[in-house]
Amino acid sequence: MACVLLFSRLLPFSHRLTRTSICLLSLFLSYLCYCALFPADTIMQKAGDPISSCQRVLADGAKRRIQKSCVLPLDARPSSVGASRLKTDQRPPSTLHIDTPSPPMTNLKFGNKKLPNAIIVGVKKGGTRAVLEFIRIHPDVRAAGTETHFFDRNYDRGLEWYRGLMPRTLESQITMEKTPSYFVTKETPRRISAMSRDTKLIVVVRDPVTRAISDYTQTLTKTPDLPSFQDLAFRNQSLGIVDTSWNAIRIGLYALHLENWLRYFPLAQIHFVSGERLITDPAEELARMQDFLGLKRIVTDKHFYFNRTKGFPCLKKPERSGSPRCLGKSKGRTHVQIDRDAIEQLRDFYRPYNVKFYEMVGHDFKWE
């Protein structure tokens, strides 16, 4: 009301004022009105008065985060705040520290990023992607989505960089990752052991001849002008001399690669998954794997069905999901046709290595 009366008295002289003066006068009058309506003590909080600021924050409840710097004297604690909202820490007894409450459930980032407890280390084209996708159904398993290649290509980036690639997990959950090239990389066992000697290792193995053909088939889709399989697999096919420098052949020498791993890890810490049984009986292979990881057998045969088109098991449709989950188009593709004689020559080549591998792991995979 006082502002209105003052403005009415000045109105008759407004024709003598410049436009700028009128603007300044209007701002000044607005400020006076604002101050009259809202006293300063309700707008600005004195710097030395922590009680009101804490009360104001506490009054907002879950709508606002309580500042960690808000500290109340014990004798000034607001009576309206329940004891469950406050918690004492190791500070001197004359103060009461208000912990930061958890944000709303929809914004929570549960757990911490931890270095992996278990790693799928191989082998390429053995079925590692299927194993990872199947075991991730388990509620106590969280896994990195992509191959990190930390121990073979990115080791110089350091463990904290590696940790940053991992998903957040709760204390009761297992952190996993898979990079199939680890199994055939000489430095990897030593590096993983340096990170943690307790790391559990999973190796998915497959008939080395079939695995080599699958490897070649995949490469051929990316490099159509690739030489024939026989030209790459043999130095001299007529004499049956195999070229072990070709990566597709070298990967299948499982016994030689395993010797390197056993220098750093006991055999009991390495679990072998059969790539063939993963197709014919995925539930049994996953049961054995869950036992190895110390998990309850939650992933069972009820989770799988066989996709006859792909010739591979797929995950059944989860509740509230639109379709079943199958691996990508690159999985289960038809292999290129290889000369029968070349296949038999490769079987003869791999036989002593396979027998040695069976003896080392105590299991016959029946690849003959």
# chains A, B, ... in the order shown; residues from 1 in each chain; ligands from 1
$ residues_around --residues "A:Arg197" --least-positions-apart "2" --cutoff "12 Å" --atoms "only C-alpha atoms" --output "MDAnalysis selection string"
chainID A and resid 116:118 189:195 199:201 261:266 269:270
$ atom_distance --atom1 "atom CA of A:Arg142" --atom2 "atom CA of A:Thr175"
5.2 Å
$ residues_around --residues "stretch 294-311 of chain A" --least-positions-apart "2" --cutoff "12 Å" --atoms "only C-alpha atoms" --output "PyMOL selection string"
chain A and resi 117-118+130-131+133-141+172-174+200+269+276+278-292+313-319+324-334
$ select_by_dssp --residues "stretch 207-361 of chain A" --states "alpha helix (DSSP H)" --output "NGL selection string"
:A and (208-222 or 229-233 or 247-250 or 254-261 or 275-280 or 282-293 or 340-361)
$ write_last_selection --atoms "C-alpha atoms" --output "JSON list (two decimals), in the first residue's frame"
[["chain", "number", "residue", "atom", "x", "y", "z"],
["A", 208, "PRO", "CA", 40.65, -78.27, -32.73],
["A", 209, "VAL", "CA", 39.95, -79.28, -36.34],
["A", 210, "THR", "CA", 36.35, -78.02, -36.22],
["A", 211, "ARG", "CA", 37.53, -74.93, -34.36],
["A", 212, "ALA", "CA", 40.12, -74.14, -37.06],
["A", 213, "ILE", "CA", 37.50, -74.46, -39.82],
["A", 214, "SER", "CA", 35.13, -72.20, -37.89],
["A", 215, "ASP", "CA", 37.94, -69.68, -37.41],
["A", 216, "TYR", "CA", 38.70, -69.72, -41.14],
["A", 217, "THR", "CA", 35.00, -69.36, -42.01],
["A", 218, "GLN", "CA", 34.72, -66.25, -39.86],
["A", 219, "THR", "CA", 37.85, -64.70, -41.35],
["A", 220, "LEU", "CA", 36.65, -65.48, -44.87],
["A", 221, "THR", "CA", 33.49, -63.40, -44.34],
["A", 222, "LYS", "CA", 35.70, -60.40, -43.57],
["A", 229, "PHE", "CA", 42.02, -73.35, -46.09],
["A", 230, "GLN", "CA", 44.47, -76.02, -47.28],
["A", 231, "ASP", "CA", 46.98, -73.42, -48.49],
["A", 232, "LEU", "CA", 47.00, -71.81, -45.06],
["A", 233, "ALA", "CA", 46.88, -74.98, -42.98],
["A", 247, "ASN", "CA", 46.96, -68.79, -35.82],
["A", 248, "ALA", "CA", 43.92, -70.95, -36.63],
["A", 249, "ILE", "CA", 46.11, -74.04, -36.26],
["A", 250, "ARG", "CA", 48.22, -72.81, -33.33],
["A", 254, "TYR", "CA", 45.68, -76.78, -26.13],
["A", 255, "ALA", "CA", 48.24, -78.88, -24.23],
["A", 256, "LEU", "CA", 51.08, -76.49, -25.09],
["A", 257, "HIS", "CA", 49.11, -73.40, -24.01],
["A", 258, "LEU", "CA", 47.92, -75.09, -20.82],
["A", 259, "GLU", "CA", 51.50, -75.83, -19.75],
["A", 260, "ASN", "CA", 52.11, -72.09, -19.65],
["A", 261, "TRP", "CA", 49.04, -71.49, -17.45],
["A", 275, "GLY", "CA", 32.12, -76.61, -26.70],
["A", 276, "GLU", "CA", 30.34, -79.67, -28.10],
["A", 277, "ARG", "CA", 28.32, -80.38, -24.95],
["A", 278, "LEU", "CA", 27.50, -76.70, -24.69],
["A", 279, "ILE", "CA", 25.42, -77.24, -27.84],
["A", 280, "THR", "CA", 23.89, -80.62, -27.00],
["A", 282, "PRO", "CA", 23.91, -76.47, -22.21],
["A", 283, "ALA", "CA", 22.15, -76.91, -18.86],
["A", 284, "GLU", "CA", 24.63, -79.59, -17.71],
["A", 285, "GLU", "CA", 27.65, -77.53, -18.77],
["A", 286, "LEU", "CA", 26.25, -74.49, -16.97],
["A", 287, "ALA", "CA", 25.55, -76.58, -13.87],
["A", 288, "ARG", "CA", 29.20, -77.64, -13.71],
["A", 289, "MET", "CA", 30.31, -74.07, -14.26],
["A", 290, "GLN", "CA", 28.06, -72.75, -11.48],
["A", 291, "ASP", "CA", 29.54, -75.35, -9.13],
["A", 292, "PHE", "CA", 33.04, -74.24, -10.06],
["A", 293, "LEU", "CA", 32.19, -70.60, -9.36],
["A", 340, "ARG", "CA", 38.04, -84.74, -46.49],
["A", 341, "ASP", "CA", 41.69, -85.75, -46.84],
["A", 342, "ALA", "CA", 42.81, -82.41, -45.36],
["A", 343, "ILE", "CA", 40.54, -82.96, -42.36],
["A", 344, "GLU", "CA", 41.97, -86.44, -41.74],
["A", 345, "GLN", "CA", 45.52, -85.11, -42.00],
["A", 346, "LEU", "CA", 44.73, -82.47, -39.40],
["A", 347, "ARG", "CA", 43.17, -85.06, -37.10],
["A", 348, "ASP", "CA", 46.35, -87.12, -37.30],
["A", 349, "PHE", "CA", 48.37, -84.00, -36.52],
["A", 350, "TYR", "CA", 46.31, -82.98, -33.49],
["A", 351, "ARG", "CA", 45.87, -86.51, -32.03],
["A", 352, "PRO", "CA", 49.01, -86.59, -29.82],
["A", 353, "TYR", "CA", 48.31, -83.07, -28.57],
["A", 354, "ASN", "CA", 44.71, -84.00, -27.76],
["A", 355, "VAL", "CA", 45.75, -87.12, -25.85],
["A", 356, "LYS", "CA", 48.23, -85.11, -23.81],
["A", 357, "PHE", "CA", 45.55, -82.49, -23.11],
["A", 358, "TYR", "CA", 43.10, -85.18, -21.92],
["A", 359, "GLU", "CA", 45.75, -86.50, -19.52],
["A", 360, "MET", "CA", 46.57, -83.04, -18.20],
["A", 361, "VAL", "CA", 42.95, -82.12, -17.38]]
